[in-house]
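Text of the file target.cif, holding mmCIF, C-alpha atoms, pLDDT in the B column; chains and numbers go by the auth columns:
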data_structure
#
loop_
_atom_site.group_PDB
_atom_site.id
_atom_site.type_symbol
_atom_site.label_atom_id
_atom_site.label_comp_id
_atom_site.label_asym_id
_atom_site.label_seq_id
_atom_site.Cartn_x
_atom_site.Cartn_y
_atom_site.Cartn_z
_atom_site.B_iso_or_equiv
_atom_site.auth_seq_id
_atom_site.auth_asym_id
ATOM 1 C CA MET A 1 14.821 8.439 3.307 37.00 74 A
ATOM 2 C CA SER A 2 15.150 7.144 6.813 45.00 75 A
ATOM 3 C CA ASP A 3 12.708 5.097 8.830 52.00 76 A
ATOM 4 C CA ILE A 4 10.687 8.177 9.836 57.00 77 A
ATOM 5 C CA SER A 5 6.951 7.570 9.985 69.00 78 A
ATOM 6 C CA LYS A 6 4.353 10.035 8.746 82.00 79 A
ATOM 7 C CA ARG A 7 0.568 9.870 8.223 89.00 80 A
ATOM 8 C CA ILE A 8 -0.375 10.080 4.546 92.00 81 A
ATOM 9 C CA GLU A 9 -3.214 9.214 2.161 94.00 82 A
ATOM 10 C CA GLY A 10 -2.953 6.773 -0.713 94.00 83 A
ATOM 11 C CA LYS A 11 -4.934 4.661 -3.158 95.00 84 A
ATOM 12 C CA ILE A 12 -4.924 0.858 -3.286 94.00 85 A
ATOM 13 C CA ILE A 13 -3.348 -0.160 -6.624 95.00 86 A
ATOM 14 C CA HIS A 14 -2.890 -3.903 -6.092 95.00 87 A
ATOM 15 C CA LEU A 15 -4.387 -6.585 -3.843 94.00 88 A
ATOM 16 C CA ASP A 16 -3.299 -10.192 -3.549 93.00 89 A
ATOM 17 C CA GLU A 17 -5.584 -12.913 -2.191 90.00 90 A
ATOM 18 C CA GLU A 18 -2.780 -13.955 0.186 92.00 91 A
ATOM 19 C CA GLY A 19 -3.428 -10.806 2.243 91.00 92 A
ATOM 20 C CA TRP A 20 -1.056 -8.132 0.975 94.00 93 A
ATOM 21 C CA GLY A 21 -1.127 -5.261 -1.486 95.00 94 A
ATOM 22 C CA PHE A 22 0.303 -1.922 -2.578 96.00 95 A
ATOM 23 C CA PHE A 23 -0.690 1.725 -2.283 95.00 96 A
ATOM 24 C CA SER A 24 0.345 4.666 -4.429 94.00 97 A
ATOM 25 C CA SER A 25 0.495 8.163 -2.970 94.00 98 A
ATOM 26 C CA ASP A 26 1.354 11.635 -4.233 91.00 99 A
ATOM 27 C CA GLU A 27 3.269 12.106 -0.982 90.00 100 A
ATOM 28 C CA VAL A 28 5.740 9.279 -1.768 87.00 101 A
ATOM 29 C CA LYS A 29 6.273 9.777 -5.492 85.00 102 A
ATOM 30 C CA TYR A 30 7.319 6.996 -7.865 86.00 103 A
ATOM 31 C CA GLU A 31 7.155 4.308 -5.171 90.00 104 A
ATOM 32 C CA ARG A 32 4.749 1.525 -4.326 93.00 105 A
ATOM 33 C CA ILE A 33 3.955 1.252 -0.624 95.00 106 A
ATOM 34 C CA PHE A 34 3.563 -2.332 0.605 94.00 107 A
ATOM 35 C CA PHE A 35 0.905 -3.341 3.135 94.00 108 A
ATOM 36 C CA HIS A 36 -0.182 -6.529 4.875 91.00 109 A
ATOM 37 C CA TRP A 37 -3.681 -7.292 6.165 91.00 110 A
ATOM 38 C CA SER A 38 -2.365 -7.208 9.731 89.00 111 A
ATOM 39 C CA ALA A 39 -1.700 -3.447 9.333 89.00 112 A
ATOM 40 C CA LEU A 40 -5.436 -2.647 9.140 89.00 113 A
ATOM 41 C CA SER A 41 -6.470 -0.605 12.185 86.00 114 A
ATOM 42 C CA LYS A 42 -8.591 -2.322 14.810 81.00 115 A
ATOM 43 C CA GLY A 43 -12.263 -2.088 13.872 74.00 116 A
ATOM 44 C CA GLU A 44 -11.472 -1.537 10.179 69.00 117 A
ATOM 45 C CA ARG A 45 -13.127 -3.692 7.528 69.00 118 A
ATOM 46 C CA ASN A 46 -11.760 -7.148 6.736 79.00 119 A
ATOM 47 C CA PHE A 47 -9.053 -7.418 4.056 84.00 120 A
ATOM 48 C CA LYS A 48 -11.365 -9.390 1.747 81.00 121 A
ATOM 49 C CA TYR A 49 -13.622 -6.303 1.447 85.00 122 A
ATOM 50 C CA LEU A 50 -10.845 -4.011 0.234 89.00 123 A
ATOM 51 C CA GLN A 51 -10.862 -3.071 -3.455 90.00 124 A
ATOM 52 C CA ARG A 52 -8.486 -1.415 -5.879 92.00 125 A
ATOM 53 C CA GLY A 53 -9.086 2.320 -5.954 92.00 126 A
ATOM 54 C CA MET A 54 -10.090 2.711 -2.306 93.00 127 A
ATOM 55 C CA ARG A 55 -8.471 5.684 -0.594 94.00 128 A
ATOM 56 C CA CYS A 56 -6.892 5.056 2.792 93.00 129 A
ATOM 57 C CA THR A 57 -4.829 6.902 5.359 93.00 130 A
ATOM 58 C CA PHE A 58 -1.868 5.169 6.971 94.00 131 A
ATOM 59 C CA ASP A 59 1.440 5.661 8.701 93.00 132 A
ATOM 60 C CA CYS A 60 4.157 5.333 6.076 93.00 133 A
ATOM 61 C CA VAL A 61 7.566 4.118 7.203 91.00 134 A
ATOM 62 C CA PHE A 62 10.724 3.198 5.293 90.00 135 A
ATOM 63 C CA ILE A 63 12.181 -0.153 6.391 86.00 136 A
ATOM 64 C CA LYS A 64 15.932 -0.471 5.994 88.00 137 A
ATOM 65 C CA ALA A 65 17.782 -3.735 5.411 85.00 138 A
ATOM 66 C CA SER A 66 18.271 -5.884 8.495 83.00 139 A
ATOM 67 C CA LYS A 67 21.884 -6.677 7.539 85.00 140 A
ATOM 68 C CA ASP A 68 24.641 -4.873 5.662 84.00 141 A
ATOM 69 C CA GLY A 69 24.773 -5.810 2.008 82.00 142 A
ATOM 70 C CA LEU A 70 21.067 -6.600 1.717 87.00 143 A
ATOM 71 C CA PRO A 71 18.672 -4.268 -0.124 87.00 144 A
ATOM 72 C CA ASP A 72 16.315 -2.069 1.888 86.00 145 A
ATOM 73 C CA LYS A 73 12.794 -3.480 2.276 88.00 146 A
ATOM 74 C CA GLY A 74 11.226 -0.183 1.212 89.00 147 A
ATOM 75 C CA TRP A 75 8.047 1.667 2.152 93.00 148 A
ATOM 76 C CA ARG A 76 5.437 0.014 4.397 93.00 149 A
ATOM 77 C CA ALA A 77 1.952 1.139 5.432 93.00 150 A
ATOM 78 C CA LEU A 78 0.846 0.717 9.060 92.00 151 A
ATOM 79 C CA LYS A 79 -2.353 1.622 10.967 92.00 152 A
ATOM 80 C CA ILE A 80 -4.452 1.631 7.775 92.00 153 A
ATOM 81 C CA LYS A 81 -7.921 3.230 7.733 92.00 154 A
ATOM 82 C CA VAL A 82 -10.251 3.335 4.706 90.00 155 A
ATOM 83 C CA VAL A 83 -11.468 6.910 4.116 88.00 156 A
ATOM 84 C CA ASP A 84 -13.211 6.528 0.725 76.00 157 A
ATOM 85 C CA ASP A 85 -14.406 3.402 -1.027 66.00 158 A
ATOM 86 C CA GLY A 86 -13.711 4.997 -4.410 60.00 159 A
ATOM 87 C CA GLY A 87 -17.259 4.732 -5.762 57.00 160 A
ATOM 88 C CA ASN A 88 -16.981 2.861 -9.039 43.00 161 A
ATOM 89 C CA VAL A 89 -13.338 1.990 -8.416 42.00 162 A
ATOM 90 C CA GLU A 90 -12.666 -0.096 -11.516 41.00 163 A
ATOM 91 C CA ALA A 91 -13.775 2.712 -13.853 35.00 164 A
ATOM 92 C CA THR A 92 -11.167 5.110 -12.427 37.00 165 A
ATOM 93 C CA LEU A 93 -8.251 2.690 -12.551 37.00 166 A
ATOM 94 C CA GLU A 94 -7.771 1.989 -16.220 37.00 167 A
ATOM 95 C CA GLU A 95 -6.226 5.389 -16.951 38.00 168 A
ATOM 96 C CA ASP A 96 -4.109 6.238 -13.907 41.00 169 A
ATOM 97 C CA ILE A 97 -2.901 3.042 -12.226 41.00 170 A
ATOM 98 C CA PRO A 98 -0.230 0.858 -13.879 46.00 171 A
ATOM 99 C CA GLU A 99 -0.556 -2.914 -13.614 49.00 172 A
ATOM 100 C CA LEU A 100 2.084 -4.854 -11.703 51.00 173 A
ATOM 101 C CA ASP A 101 3.928 -7.732 -13.306 51.00 174 A
ATOM 102 C CA SER A 102 2.369 -11.059 -12.347 48.00 175 A
ATOM 103 C CA GLY A 103 5.761 -12.241 -11.080 51.00 176 A
ATOM 104 C CA ASP A 104 6.027 -9.387 -8.542 51.00 177 A
ATOM 105 C CA LYS A 105 5.658 -10.781 -5.004 49.00 178 A
ATOM 106 C CA GLY A 106 6.099 -7.535 -3.098 49.00 179 A
ATOM 107 C CA THR A 107 9.854 -7.429 -2.833 50.00 180 A
ATOM 108 C CA SER A 108 11.707 -4.188 -3.348 45.00 181 A
#

Please re-express this file's structure in structure tokens.
Amino acid sequence: MSDISKRIEGKIIHLDEEGWGFFSSDEVKYERIFFHWSALSKGERNFKYLQRGMRCTFDCVFIKASKDGLPDKGWRALKIKVVDDGGNVEATLEEDIPELDSGDKGTS
């Protein structure tokens, strides 16, 4: 896909204490969507209050490589807004969200 942006909904599947994480979404199948704390919309809750399982809406854009020969950077979430805190989020995650490898640092 190109770097076209569209507003979609996704679920937080991974958070890192350094201020980044990943979403999954039925609208971008089989891909993790990277986000950084700086992409939270103004007035949204602080990154440290986000939890796995929360549902959010965001602009999803595909970032291409900056130079020929380099891999594309992949999907990124921008203008993030929390729409549902997920209730008991940990209880819903065990069945439907795969764990990321501990060595994964968000590169595509």

Using only C-alpha atoms for the distances, tell me which of A:Val155, A:Met127, A:Leu143, A:Val134 is nearest to Lys115 (chain A).
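Selected residue with least distance to Lys115 (chain A): A:Val155.
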
Expressed in Å to a single decimal, how great is the separation between CA of Trp148 (chain A) and CA of Glu90 (chain A)?
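Here the two named atoms are 20.4 Å from each other.
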
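For the residues A:Val156, A:Cys129, A:Ile136, A:Ile106, ranking by smallest atom-to-atom distance to Trp93 (chain A) using all atoms listed in the file places A:Ile106 first.
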
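Minimum atom-to-atom distance to Thr130 (chain A), evaluated using only C-alpha atoms, belongs to A:Phe96 out of A:Ser111, A:Tyr103, A:Leu88, A:Phe96.
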
Spatial neighbours of Arg149 (chain A), max dist 12 Å, only C-alpha atoms, sep filter under 6 positions, as a PyMOL selection string:
chain A and resi 76-81+83+93-97+101+104-112+131-137+179-181

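Taking CA of Asp99 (chain A) and CA of Lys152 (chain A) as the two end points, the separation is 18.6 Å.
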
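Atom pair CA of Lys84 (chain A) / CA of Ala150 (chain A) has a distance of 11.6 Å (rounded to one decimal).
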
Report, as AutoDock Vina command-line options, the centre and edge lengths in Å (one decimal) of the axis-aligned box enclosing every listed atom of region 137-145 of chain A, padded by 6 Å on each side.
--center_x 20.4 --center_y -3.6 --center_z 4.2 --size_x 20.8 --size_y 18.2 --size_z 20.6

Output region 85-98 of chain A with N, CA and C atoms present, as a PDB file, in the frame of the given file.
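Contents of part.pdb, as written:
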ATOM      1  N   ILE A  85      -5.297   2.261  -3.081  1.00 94.00           N
ATOM      2  CA  ILE A  85      -4.924   0.858  -3.286  1.00 94.00           C
ATOM      3  C   ILE A  85      -4.767   0.620  -4.790  1.00 94.00           C
ATOM      4  N   ILE A  86      -3.585   0.120  -5.206  1.00 95.00           N
ATOM      5  CA  ILE A  86      -3.348  -0.160  -6.624  1.00 95.00           C
ATOM      6  C   ILE A  86      -3.208  -1.646  -6.916  1.00 95.00           C
ATOM      7  N   HIS A  87      -3.016  -2.455  -5.882  1.00 95.00           N
ATOM      8  CA  HIS A  87      -2.890  -3.903  -6.092  1.00 95.00           C
ATOM      9  C   HIS A  87      -3.282  -4.620  -4.807  1.00 95.00           C
ATOM     10  N   LEU A  88      -4.030  -5.708  -4.964  1.00 94.00           N
ATOM     11  CA  LEU A  88      -4.387  -6.585  -3.843  1.00 94.00           C
ATOM     12  C   LEU A  88      -4.090  -8.018  -4.234  1.00 94.00           C
ATOM     13  N   ASP A  89      -3.559  -8.777  -3.318  1.00 93.00           N
ATOM     14  CA  ASP A  89      -3.299 -10.192  -3.549  1.00 93.00           C
ATOM     15  C   ASP A  89      -4.148 -11.001  -2.576  1.00 93.00           C
ATOM     16  N   GLU A  90      -4.709 -12.105  -3.046  1.00 90.00           N
ATOM     17  CA  GLU A  90      -5.584 -12.913  -2.191  1.00 90.00           C
ATOM     18  C   GLU A  90      -4.865 -13.493  -0.979  1.00 90.00           C
ATOM     19  N   GLU A  91      -3.540 -13.453  -0.966  1.00 92.00           N
ATOM     20  CA  GLU A  91      -2.780 -13.955   0.186  1.00 92.00           C
ATOM     21  C   GLU A  91      -2.729 -12.947   1.336  1.00 92.00           C
ATOM     22  N   GLY A  92      -3.319 -11.744   1.142  1.00 91.00           N
ATOM     23  CA  GLY A  92      -3.428 -10.806   2.243  1.00 91.00           C
ATOM     24  C   GLY A  92      -2.463  -9.631   2.235  1.00 91.00           C
ATOM     25  N   TRP A  93      -1.952  -9.274   1.074  1.00 94.00           N
ATOM     26  CA  TRP A  93      -1.056  -8.132   0.975  1.00 94.00           C
ATOM     27  C   TRP A  93      -1.415  -7.316  -0.255  1.00 94.00           C
ATOM     28  N   GLY A  94      -0.862  -6.112  -0.330  1.00 95.00           N
ATOM     29  CA  GLY A  94      -1.127  -5.261  -1.486  1.00 95.00           C
ATOM     30  C   GLY A  94      -0.192  -4.070  -1.516  1.00 95.00           C
ATOM     31  N   PHE A  95      -0.500  -3.128  -2.421  1.00 96.00           N
ATOM     32  CA  PHE A  95       0.303  -1.922  -2.578  1.00 96.00           C
ATOM     33  C   PHE A  95      -0.582  -0.694  -2.671  1.00 96.00           C
ATOM     34  N   PHE A  96      -0.087   0.412  -2.127  1.00 95.00           N
ATOM     35  CA  PHE A  96      -0.690   1.725  -2.283  1.00 95.00           C
ATOM     36  C   PHE A  96       0.190   2.552  -3.209  1.00 95.00           C
ATOM     37  N   SER A  97      -0.420   3.571  -3.830  1.00 94.00           N
ATOM     38  CA  SER A  97       0.345   4.666  -4.429  1.00 94.00           C
ATOM     39  C   SER A  97      -0.084   5.930  -3.698  1.00 94.00           C
ATOM     40  N   SER A  98       0.805   6.914  -3.650  1.00 94.00           N
ATOM     41  CA  SER A  98       0.495   8.163  -2.970  1.00 94.00           C
ATOM     42  C   SER A  98       1.288   9.295  -3.605  1.00 94.00           C
TER      43      SER A  98
END
